[in-house]
Amino acid sequence: MSKPQKINERVFLVGGPELTDSRDCCVYLVDGGSELALIDAGVGASCGEIVENIRKLGLDPVQLKYVVATHGHIDHIGGLHYFQSLGARIVCHTLEEGAISEGRPELTAAWYYNVKYQPVAADIILKGEEETLPVGELTLYCLFTPGHTPGGISPYLDVAGSRILFGQDIHGPFDPSWGSEMNQWKESMRKLLGLRADILCEGHFGIYTPAARVQSYIESYLRQY
Ligand SMILES: [Zn+2]
Ligand SMILES: [Zn+2]
């Protein structure tokens, strides 16, 4: 297992295919000082390693206040139950509750990964276009970006003049069986371009920076679809 990776002074990669389980999405940690937040939770098989990576950064997993589930696919939500049992509050959009709270297999795509999903009741259910979560001294903005799935969200934050965007499944894949909708997705990608992020933390492919590279990454998928 490799070490957690520093992305900037407040954001770290603590899980992902290169770090923990090969099926995990990239799992990012936001350090707000007195409180921590995770962006997504991985497939669920490596939660202990994710916690260990938080410790390796010199941070205390007890301070984990939120896990923000960007959407309801199993490689992003399998670990939610574990982190909720540690005391973290689970955050998701109401349109992902069919996956996250009910565990409907056609929505979680758990069949694809051949894992069993343990549903969780979300603690904070987002409904608006953009909602904010305080994480210690930082503010995490949760932007509604449907398309890949019906209730996808893209969290972002500003740290020391840099805007960091968590765009977990910009690249798709798209499938009507789990509610993909391409016109919504295009509109969401335009919203992400409008953020003019300096660093993109992607859900499977890692980190893109500087801003021009973030823009061209998103634009390349807009051209493709
Ligand atoms: Zn997905
Ligand atoms: Zn994914």
# chains A, B, ... in the order shown; residues from 1 in each chain; ligands from 1
call {"tool": "closest_atom_pairs", "arguments": {"of": "chain A", "to": "ligand 2", "cutoff": "6 Å", "atoms": "only C-alpha atoms and all ligand atoms", "output": "CSV"}}
result
residue,atom,partner,partner_atom_place_in_ligand_line,distance
A:Cys25,CA,ligand 2,1 (Zn),5.7
A:Asp169,CA,ligand 2,1 (Zn),5.2
A:Gly203,CA,ligand 2,1 (Zn),5.9
call {"tool": "residues_around", "arguments": {"residues": "Asp21 (chain A)", "least_positions_apart": "4", "cutoff": "7 Å", "atoms": "only C-alpha atoms", "output": "list in words"}}
result
Gly16, Pro17, Ala45 and Ser46 of chain A
call {"tool": "residues_near_ligand", "arguments": {"ligand": "ligand 1", "cutoff": "7 Å", "atoms": "only C-alpha atoms and all ligand atoms", "output": "NGL selection string"}}
result
:A and (71 or 73 or 148 or 169 or 172-173)
call {"tool": "residues_around", "arguments": {"residues": "Tyr66 (chain A)", "least_positions_apart": "2", "cutoff": "6 Å", "atoms": "only C-alpha atoms", "output": "PyMOL selection string"}}
result
chain A and resi 37+64+88-90
call {"tool": "write_last_selection", "arguments": {"atoms": "all heavy atoms", "output": "CSV table (one decimal), in the first residue's frame"}}
result
chain,number,residue,atom,x,y,z
A,37,ALA,N,-13.4,16.2,6.4
A,37,ALA,CA,-14.5,15.6,5.6
A,37,ALA,C,-13.9,14.7,4.6
A,37,ALA,O,-12.8,15.0,4.1
A,37,ALA,CB,-15.3,16.7,4.9
A,64,LEU,N,-13.5,13.2,11.9
A,64,LEU,CA,-14.2,13.1,10.6
A,64,LEU,C,-15.7,13.5,10.8
A,64,LEU,O,-16.4,12.7,11.5
A,64,LEU,CB,-14.1,11.7,10.1
A,64,LEU,CG,-14.6,11.4,8.7
A,64,LEU,CD1,-13.9,12.3,7.7
A,64,LEU,CD2,-14.4,9.9,8.4
A,88,ALA,N,-19.2,9.7,11.5
A,88,ALA,CA,-19.3,10.7,10.4
A,88,ALA,C,-20.8,10.8,10.0
A,88,ALA,O,-21.5,9.8,10.0
A,88,ALA,CB,-18.4,10.3,9.3
A,89,ARG,N,-21.1,12.0,9.5
A,89,ARG,CA,-22.5,12.2,9.0
A,89,ARG,C,-22.4,12.1,7.4
A,89,ARG,O,-21.5,12.6,6.8
A,89,ARG,CB,-23.0,13.6,9.4
A,89,ARG,CG,-23.0,13.8,10.9
A,89,ARG,CD,-23.4,15.1,11.3
A,89,ARG,NE,-24.8,15.3,11.3
A,89,ARG,CZ,-25.4,16.5,11.3
A,89,ARG,NH1,-24.7,17.6,11.3
A,89,ARG,NH2,-26.7,16.6,11.3
A,90,ILE,N,-23.4,11.3,6.9
A,90,ILE,CA,-23.4,11.0,5.5
A,90,ILE,C,-24.2,12.1,4.8
A,90,ILE,O,-25.3,12.4,5.1
A,90,ILE,CB,-24.0,9.6,5.2
A,90,ILE,CG1,-23.2,8.6,6.0
A,90,ILE,CG2,-23.9,9.3,3.7
A,90,ILE,CD1,-21.7,8.5,5.9
call {"tool": "closest_atom_pairs", "arguments": {"of": "region 44-116 of chain A", "to": "region 176-192 of chain A", "cutoff": "8 Å", "atoms": "only C-alpha atoms", "output": "Markdown table"}}
result
| residue | atom | partner | partner_atom | distance |
| --- | --- | --- | --- | --- |
| A:Glu106 | CA | A:Trp178 | CA | 6.0 |
| A:Leu107 | CA | A:Trp178 | CA | 4.7 |
| A:Thr108 | CA | A:Trp178 | CA | 7.7 |
| A:Ala109 | CA | A:Trp178 | CA | 7.7 |
call {"tool": "atom_distance", "arguments": {"atom1": "CA of Val62 (chain A)", "atom2": "CA of His204 (chain A)"}}
result
26.5 Å
call {"tool": "select_by_dssp", "arguments": {"residues": "chain A", "states": "helix (DSSP H, G or I)", "output": "PyMOL selection string"}}
result
chain A and resi 47-56+61-63+74-77+80-85+94-100+105-108+110-113+176-178+182-195+211-224
call {"tool": "residues_around", "arguments": {"residues": "Val43 (chain A)", "least_positions_apart": "6", "cutoff": "9 Å", "atoms": "only C-alpha atoms", "output": "number ranges by chain"}}
result
A: 21, 23-25, 73-80, 113, 115, 117
call {"tool": "closest_atom_pairs", "arguments": {"of": "region 108-209 of chain A", "to": "region 214-222 of chain A", "cutoff": "10 Å", "atoms": "only C-alpha atoms", "output": "Markdown table"}}
result
| residue | atom | partner | partner_atom | distance |
| --- | --- | --- | --- | --- |
| A:Leu165 | CA | A:Val214 | CA | 9.3 |
| A:Gly167 | CA | A:Ile218 | CA | 9.5 |
| A:Ile170 | CA | A:Ile218 | CA | 7.1 |
| A:His171 | CA | A:Tyr221 | CA | 6.4 |
| A:Gly172 | CA | A:Tyr221 | CA | 8.9 |
| A:Trp185 | CA | A:Leu222 | CA | 9.1 |
| A:Lys186 | CA | A:Leu222 | CA | 6.7 |
| A:Glu187 | CA | A:Leu222 | CA | 9.9 |
| A:Met189 | CA | A:Ile218 | CA | 6.8 |
| A:Arg190 | CA | A:Ile218 | CA | 8.8 |
| A:Leu192 | CA | A:Ile218 | CA | 8.0 |
| A:Leu193 | CA | A:Gln215 | CA | 6.1 |
| A:Gly194 | CA | A:Gln215 | CA | 9.2 |
| A:Leu195 | CA | A:Gln215 | CA | 9.6 |
| A:Arg196 | CA | A:Gln215 | CA | 7.3 |
| A:Ala197 | CA | A:Val214 | CA | 6.9 |
| A:Asp198 | CA | A:Val214 | CA | 7.0 |
| A:Ile199 | CA | A:Val214 | CA | 6.7 |
| A:Leu200 | CA | A:Val214 | CA | 6.0 |
| A:Cys201 | CA | A:Val214 | CA | 9.4 |
| A:Glu202 | CA | A:Val214 | CA | 9.9 |
| A:Ile207 | CA | A:Val214 | CA | 9.1 |
| A:Tyr208 | CA | A:Val214 | CA | 5.7 |
| A:Thr209 | CA | A:Val214 | CA | 5.9 |
call {"tool": "residues_around", "arguments": {"residues": "Leu19 (chain A)", "least_positions_apart": "2", "cutoff": "12 Å", "atoms": "only C-alpha atoms", "output": "list in words"}}
result
Met1, Ser2, Lys3, Pro4, Gln5, Leu13, Val14, Gly15, Gly16, Pro17, Asp21, Ser22, Arg23, Asp24, Cys25, Cys26, Val27, Tyr28, Gly42, Ser46, Cys47, Glu49, Ile50, Glu52, Asn53, His204 and Gly206 of chain A
call {"tool": "residues_around", "arguments": {"residues": "Glu96 (chain A)", "least_positions_apart": "5", "cutoff": "7 Å", "atoms": "only C-alpha atoms", "output": "number ranges by chain"}}
result
A: 71-72, 150-151
call {"tool": "write_last_selection", "arguments": {"atoms": "N, CA, C and O atoms", "output": "PDB file, in the first residue's frame"}}
result
ATOM      1  N   HIS A  71     -22.209  10.615  -5.582  1.00  0.00           N
ATOM      2  CA  HIS A  71     -23.327   9.943  -6.248  1.00  0.00           C
ATOM      3  C   HIS A  71     -23.365   8.505  -5.761  1.00  0.00           C
ATOM      4  O   HIS A  71     -22.478   8.088  -5.021  1.00  0.00           O
ATOM      5  N   GLY A  72     -24.390   7.755  -6.201  1.00  0.00           N
ATOM      6  CA  GLY A  72     -24.678   6.480  -5.565  1.00  0.00           C
ATOM      7  C   GLY A  72     -24.073   5.244  -6.178  1.00  0.00           C
ATOM      8  O   GLY A  72     -24.618   4.152  -5.998  1.00  0.00           O
ATOM      9  N   PRO A 150     -28.784  10.781 -11.525  1.00  0.00           N
ATOM     10  CA  PRO A 150     -29.771  11.859 -11.365  1.00  0.00           C
ATOM     11  C   PRO A 150     -29.430  12.910 -10.313  1.00  0.00           C
ATOM     12  O   PRO A 150     -29.859  14.055 -10.412  1.00  0.00           O
ATOM     13  N   GLY A 151     -28.673  12.525  -9.268  1.00  0.00           N
ATOM     14  CA  GLY A 151     -28.442  13.466  -8.165  1.00  0.00           C
ATOM     15  C   GLY A 151     -26.972  13.664  -7.849  1.00  0.00           C
ATOM     16  O   GLY A 151     -26.605  13.849  -6.693  1.00  0.00           O
TER      17      GLY A 151
END
call {"tool": "select_by_dssp", "arguments": {"residues": "region 11-102 of chain A", "states": "strand (DSSP E or B)", "output": "PyMOL selection string"}}
result
chain A and resi 11-15+27-31+36-39+64-68+89-93
call {"tool": "write_last_selection", "arguments": {"atoms": "N, CA and C atoms", "output": "short mmCIF file (atom, residue, chain, number, x, y, z; two decimals), in the first residue's frame"}}
result
data_model
loop_
_atom_site.label_atom_id
_atom_site.label_comp_id
_atom_site.auth_asym_id
_atom_site.auth_seq_id
_atom_site.Cartn_x
_atom_site.Cartn_y
_atom_site.Cartn_z
N VAL A 11 -5.92 19.46 1.36
CA VAL A 11 -6.60 18.38 0.63
C VAL A 11 -5.60 17.25 0.35
N PHE A 12 -6.05 16.02 0.61
CA PHE A 12 -5.19 14.85 0.49
C PHE A 12 -5.95 13.72 -0.20
N LEU A 13 -5.20 12.90 -0.92
CA LEU A 13 -5.75 11.66 -1.47
C LEU A 13 -5.46 10.56 -0.46
N VAL A 14 -6.51 9.93 0.08
CA VAL A 14 -6.31 8.92 1.13
C VAL A 14 -6.78 7.52 0.70
N GLY A 15 -7.43 7.43 -0.47
CA GLY A 15 -7.85 6.13 -0.98
C GLY A 15 -7.96 6.20 -2.48
N VAL A 27 -10.55 8.64 -3.10
CA VAL A 27 -11.17 9.13 -1.87
C VAL A 27 -10.31 10.28 -1.36
N TYR A 28 -10.91 11.46 -1.24
CA TYR A 28 -10.17 12.66 -0.86
C TYR A 28 -10.55 13.12 0.55
N LEU A 29 -9.56 13.63 1.25
CA LEU A 29 -9.77 14.15 2.59
C LEU A 29 -9.60 15.67 2.58
N VAL A 30 -10.57 16.37 3.19
CA VAL A 30 -10.47 17.82 3.37
C VAL A 30 -10.19 18.07 4.86
N ASP A 31 -9.12 18.80 5.13
CA ASP A 31 -8.73 19.10 6.51
C ASP A 31 -9.10 20.54 6.85
N LEU A 36 -12.78 17.27 9.84
CA LEU A 36 -12.36 16.67 8.56
C LEU A 36 -13.60 16.25 7.77
N ALA A 37 -13.43 16.18 6.44
CA ALA A 37 -14.50 15.62 5.60
C ALA A 37 -13.86 14.71 4.56
N LEU A 38 -14.56 13.64 4.21
CA LEU A 38 -14.14 12.78 3.11
C LEU A 38 -15.04 13.04 1.92
N ILE A 39 -14.45 13.02 0.74
CA ILE A 39 -15.24 13.03 -0.49
C ILE A 39 -15.24 11.59 -0.99
N LEU A 64 -13.52 13.24 11.88
CA LEU A 64 -14.24 13.12 10.61
C LEU A 64 -15.72 13.46 10.82
N LYS A 65 -16.10 14.59 10.24
CA LYS A 65 -17.46 15.10 10.48
C LYS A 65 -18.43 14.65 9.38
N TYR A 66 -17.96 14.69 8.13
CA TYR A 66 -18.84 14.35 7.01
C TYR A 66 -18.16 13.37 6.05
N VAL A 67 -18.99 12.55 5.43
CA VAL A 67 -18.59 11.91 4.17
C VAL A 67 -19.58 12.38 3.13
N VAL A 68 -19.08 13.09 2.14
CA VAL A 68 -19.94 13.58 1.06
C VAL A 68 -19.94 12.53 -0.05
N ARG A 89 -21.14 12.01 9.51
CA ARG A 89 -22.48 12.21 8.96
C ARG A 89 -22.42 12.07 7.44
N ILE A 90 -23.36 11.32 6.91
CA ILE A 90 -23.37 11.03 5.47
C ILE A 90 -24.20 12.10 4.75
N VAL A 91 -23.60 12.67 3.73
CA VAL A 91 -24.23 13.74 2.96
C VAL A 91 -24.45 13.26 1.53
N CYS A 92 -25.68 13.41 1.04
CA CYS A 92 -25.92 13.11 -0.38
C CYS A 92 -27.11 13.91 -0.88
N HIS A 93 -27.28 13.93 -2.19
CA HIS A 93 -28.44 14.60 -2.78
C HIS A 93 -29.66 13.68 -2.68
#
call {"tool": "decode", "arguments": {"residues": "region 4-117 of chain A", "atoms": "C-alpha atoms", "output": "PDB file, in the first residue's frame"}}
result
ATOM      1  CA  PRO A   4      -1.513   9.172   1.209  1.00  0.00           C
ATOM      2  CA  GLN A   5      -0.786  11.996  -1.182  1.00  0.00           C
ATOM      3  CA  LYS A   6      -0.802  15.716  -0.430  1.00  0.00           C
ATOM      4  CA  ILE A   7      -2.664  17.740  -3.068  1.00  0.00           C
ATOM      5  CA  ASN A   8      -2.420  21.022  -1.238  1.00  0.00           C
ATOM      6  CA  GLU A   9      -2.125  22.021   2.412  1.00  0.00           C
ATOM      7  CA  ARG A  10      -5.793  21.179   3.071  1.00  0.00           C
ATOM      8  CA  VAL A  11      -6.595  18.383   0.625  1.00  0.00           C
ATOM      9  CA  PHE A  12      -5.193  14.853   0.490  1.00  0.00           C
ATOM     10  CA  LEU A  13      -5.749  11.660  -1.469  1.00  0.00           C
ATOM     11  CA  VAL A  14      -6.310   8.916   1.126  1.00  0.00           C
ATOM     12  CA  GLY A  15      -7.846   6.130  -0.984  1.00  0.00           C
ATOM     13  CA  GLY A  16      -8.066   5.007  -4.583  1.00  0.00           C
ATOM     14  CA  PRO A  17      -7.053   2.305  -7.022  1.00  0.00           C
ATOM     15  CA  GLU A  18      -3.323   3.026  -6.622  1.00  0.00           C
ATOM     16  CA  LEU A  19      -3.530   3.375  -2.847  1.00  0.00           C
ATOM     17  CA  THR A  20      -6.095   1.025  -1.344  1.00  0.00           C
ATOM     18  CA  ASP A  21      -8.481  -1.338  -3.211  1.00  0.00           C
ATOM     19  CA  SER A  22      -8.240  -1.495  -7.026  1.00  0.00           C
ATOM     20  CA  ARG A  23     -12.034  -1.037  -7.165  1.00  0.00           C
ATOM     21  CA  ASP A  24     -12.027   2.130  -5.040  1.00  0.00           C
ATOM     22  CA  CYS A  25     -12.773   5.510  -6.535  1.00  0.00           C
ATOM     23  CA  CYS A  26     -10.342   8.227  -5.478  1.00  0.00           C
ATOM     24  CA  VAL A  27     -11.170   9.129  -1.871  1.00  0.00           C
ATOM     25  CA  TYR A  28     -10.171  12.665  -0.861  1.00  0.00           C
ATOM     26  CA  LEU A  29      -9.770  14.151   2.592  1.00  0.00           C
ATOM     27  CA  VAL A  30     -10.469  17.817   3.375  1.00  0.00           C
ATOM     28  CA  ASP A  31      -8.728  19.104   6.510  1.00  0.00           C
ATOM     29  CA  GLY A  32     -10.633  22.032   7.984  1.00  0.00           C
ATOM     30  CA  GLY A  33      -8.432  22.204  11.082  1.00  0.00           C
ATOM     31  CA  SER A  34     -10.770  21.114  13.877  1.00  0.00           C
ATOM     32  CA  GLU A  35     -12.912  18.990  11.536  1.00  0.00           C
ATOM     33  CA  LEU A  36     -12.359  16.675   8.562  1.00  0.00           C
ATOM     34  CA  ALA A  37     -14.495  15.617   5.600  1.00  0.00           C
ATOM     35  CA  LEU A  38     -14.139  12.776   3.115  1.00  0.00           C
ATOM     36  CA  ILE A  39     -15.236  13.031  -0.491  1.00  0.00           C
ATOM     37  CA  ASP A  40     -16.628   9.560  -1.257  1.00  0.00           C
ATOM     38  CA  ALA A  41     -15.861   6.363   0.596  1.00  0.00           C
ATOM     39  CA  GLY A  42     -14.567   3.737  -1.846  1.00  0.00           C
ATOM     40  CA  VAL A  43     -16.031   0.306  -2.503  1.00  0.00           C
ATOM     41  CA  GLY A  44     -16.028  -0.638   1.181  1.00  0.00           C
ATOM     42  CA  ALA A  45     -13.240  -3.215   1.370  1.00  0.00           C
ATOM     43  CA  SER A  46     -10.502  -0.812   2.422  1.00  0.00           C
ATOM     44  CA  CYS A  47     -12.097   1.502   4.998  1.00  0.00           C
ATOM     45  CA  GLY A  48      -9.529   0.509   7.630  1.00  0.00           C
ATOM     46  CA  GLU A  49      -6.696   1.450   5.256  1.00  0.00           C
ATOM     47  CA  ILE A  50      -8.340   4.811   4.532  1.00  0.00           C
ATOM     48  CA  VAL A  51      -8.522   5.485   8.275  1.00  0.00           C
ATOM     49  CA  GLU A  52      -4.888   4.428   8.615  1.00  0.00           C
ATOM     50  CA  ASN A  53      -3.954   6.880   5.839  1.00  0.00           C
ATOM     51  CA  ILE A  54      -5.711   9.684   7.732  1.00  0.00           C
ATOM     52  CA  ARG A  55      -3.594   8.798  10.773  1.00  0.00           C
ATOM     53  CA  LYS A  56      -0.414   8.732   8.668  1.00  0.00           C
ATOM     54  CA  LEU A  57      -1.098  12.374   7.797  1.00  0.00           C
ATOM     55  CA  GLY A  58      -1.006  13.135  11.520  1.00  0.00           C
ATOM     56  CA  LEU A  59      -4.768  13.720  11.602  1.00  0.00           C
ATOM     57  CA  ASP A  60      -7.323  12.183  13.948  1.00  0.00           C
ATOM     58  CA  PRO A  61     -10.107  10.134  12.279  1.00  0.00           C
ATOM     59  CA  VAL A  62     -12.353  10.991  15.251  1.00  0.00           C
ATOM     60  CA  GLN A  63     -12.572  14.489  13.732  1.00  0.00           C
ATOM     61  CA  LEU A  64     -14.237  13.119  10.615  1.00  0.00           C
ATOM     62  CA  LYS A  65     -17.458  15.099  10.477  1.00  0.00           C
ATOM     63  CA  TYR A  66     -18.837  14.352   7.006  1.00  0.00           C
ATOM     64  CA  VAL A  67     -18.586  11.905   4.174  1.00  0.00           C
ATOM     65  CA  VAL A  68     -19.937  13.579   1.065  1.00  0.00           C
ATOM     66  CA  ALA A  69     -21.239  10.959  -1.375  1.00  0.00           C
ATOM     67  CA  THR A  70     -20.914  12.527  -4.822  1.00  0.00           C
ATOM     68  CA  HIS A  71     -23.327   9.943  -6.248  1.00  0.00           C
ATOM     69  CA  GLY A  72     -24.678   6.480  -5.565  1.00  0.00           C
ATOM     70  CA  HIS A  73     -22.326   4.156  -7.423  1.00  0.00           C
ATOM     71  CA  ILE A  74     -20.870   1.371  -5.335  1.00  0.00           C
ATOM     72  CA  ASP A  75     -17.207   2.302  -5.902  1.00  0.00           C
ATOM     73  CA  HIS A  76     -18.023   5.638  -4.221  1.00  0.00           C
ATOM     74  CA  ILE A  77     -20.457   4.557  -1.474  1.00  0.00           C
ATOM     75  CA  GLY A  78     -19.479   1.043  -0.343  1.00  0.00           C
ATOM     76  CA  GLY A  79     -17.685   2.437   2.720  1.00  0.00           C
ATOM     77  CA  LEU A  80     -20.441   4.818   3.881  1.00  0.00           C
ATOM     78  CA  HIS A  81     -21.795   2.393   6.474  1.00  0.00           C
ATOM     79  CA  TYR A  82     -18.359   1.997   8.055  1.00  0.00           C
ATOM     80  CA  PHE A  83     -17.662   5.735   8.289  1.00  0.00           C
ATOM     81  CA  GLN A  84     -21.149   6.421   9.641  1.00  0.00           C
ATOM     82  CA  SER A  85     -20.456   3.868  12.398  1.00  0.00           C
ATOM     83  CA  LEU A  86     -17.352   5.911  13.287  1.00  0.00           C
ATOM     84  CA  GLY A  87     -19.563   8.957  13.817  1.00  0.00           C
ATOM     85  CA  ALA A  88     -19.334  10.719  10.447  1.00  0.00           C
ATOM     86  CA  ARG A  89     -22.477  12.210   8.964  1.00  0.00           C
ATOM     87  CA  ILE A  90     -23.369  11.028   5.470  1.00  0.00           C
ATOM     88  CA  VAL A  91     -24.226  13.744   2.960  1.00  0.00           C
ATOM     89  CA  CYS A  92     -25.919  13.107  -0.382  1.00  0.00           C
ATOM     90  CA  HIS A  93     -28.438  14.599  -2.784  1.00  0.00           C
ATOM     91  CA  THR A  94     -32.050  13.485  -2.374  1.00  0.00           C
ATOM     92  CA  LEU A  95     -32.078  12.082  -5.925  1.00  0.00           C
ATOM     93  CA  GLU A  96     -29.395   9.541  -4.907  1.00  0.00           C
ATOM     94  CA  GLU A  97     -31.362   8.146  -1.967  1.00  0.00           C
ATOM     95  CA  GLY A  98     -32.686   5.268  -4.082  1.00  0.00           C
ATOM     96  CA  ALA A  99     -29.100   4.068  -4.364  1.00  0.00           C
ATOM     97  CA  ILE A 100     -27.639   5.151  -1.016  1.00  0.00           C
ATOM     98  CA  SER A 101     -30.549   4.624   1.394  1.00  0.00           C
ATOM     99  CA  GLU A 102     -32.482   1.906  -0.433  1.00  0.00           C
ATOM    100  CA  GLY A 103     -29.536   0.164  -2.071  1.00  0.00           C
ATOM    101  CA  ARG A 104     -31.364  -0.472  -5.335  1.00  0.00           C
ATOM    102  CA  PRO A 105     -28.868  -2.618  -7.265  1.00  0.00           C
ATOM    103  CA  GLU A 106     -29.634  -1.145 -10.703  1.00  0.00           C
ATOM    104  CA  LEU A 107     -28.716   2.284  -9.274  1.00  0.00           C
ATOM    105  CA  THR A 108     -25.650   1.355  -7.195  1.00  0.00           C
ATOM    106  CA  ALA A 109     -24.231  -0.883  -9.964  1.00  0.00           C
ATOM    107  CA  ALA A 110     -23.063  -3.184  -7.143  1.00  0.00           C
ATOM    108  CA  TRP A 111     -23.705  -6.134  -9.456  1.00  0.00           C
ATOM    109  CA  TYR A 112     -20.951  -4.863 -11.726  1.00  0.00           C
ATOM    110  CA  TYR A 113     -18.370  -5.010  -8.930  1.00  0.00           C
ATOM    111  CA  ASN A 114     -19.828  -8.170  -7.428  1.00  0.00           C
ATOM    112  CA  VAL A 115     -19.970  -6.661  -3.922  1.00  0.00           C
ATOM    113  CA  LYS A 116     -22.814  -6.433  -1.442  1.00  0.00           C
ATOM    114  CA  TYR A 117     -23.841  -2.892  -0.542  1.00  0.00           C
TER     115      TYR A 117
END
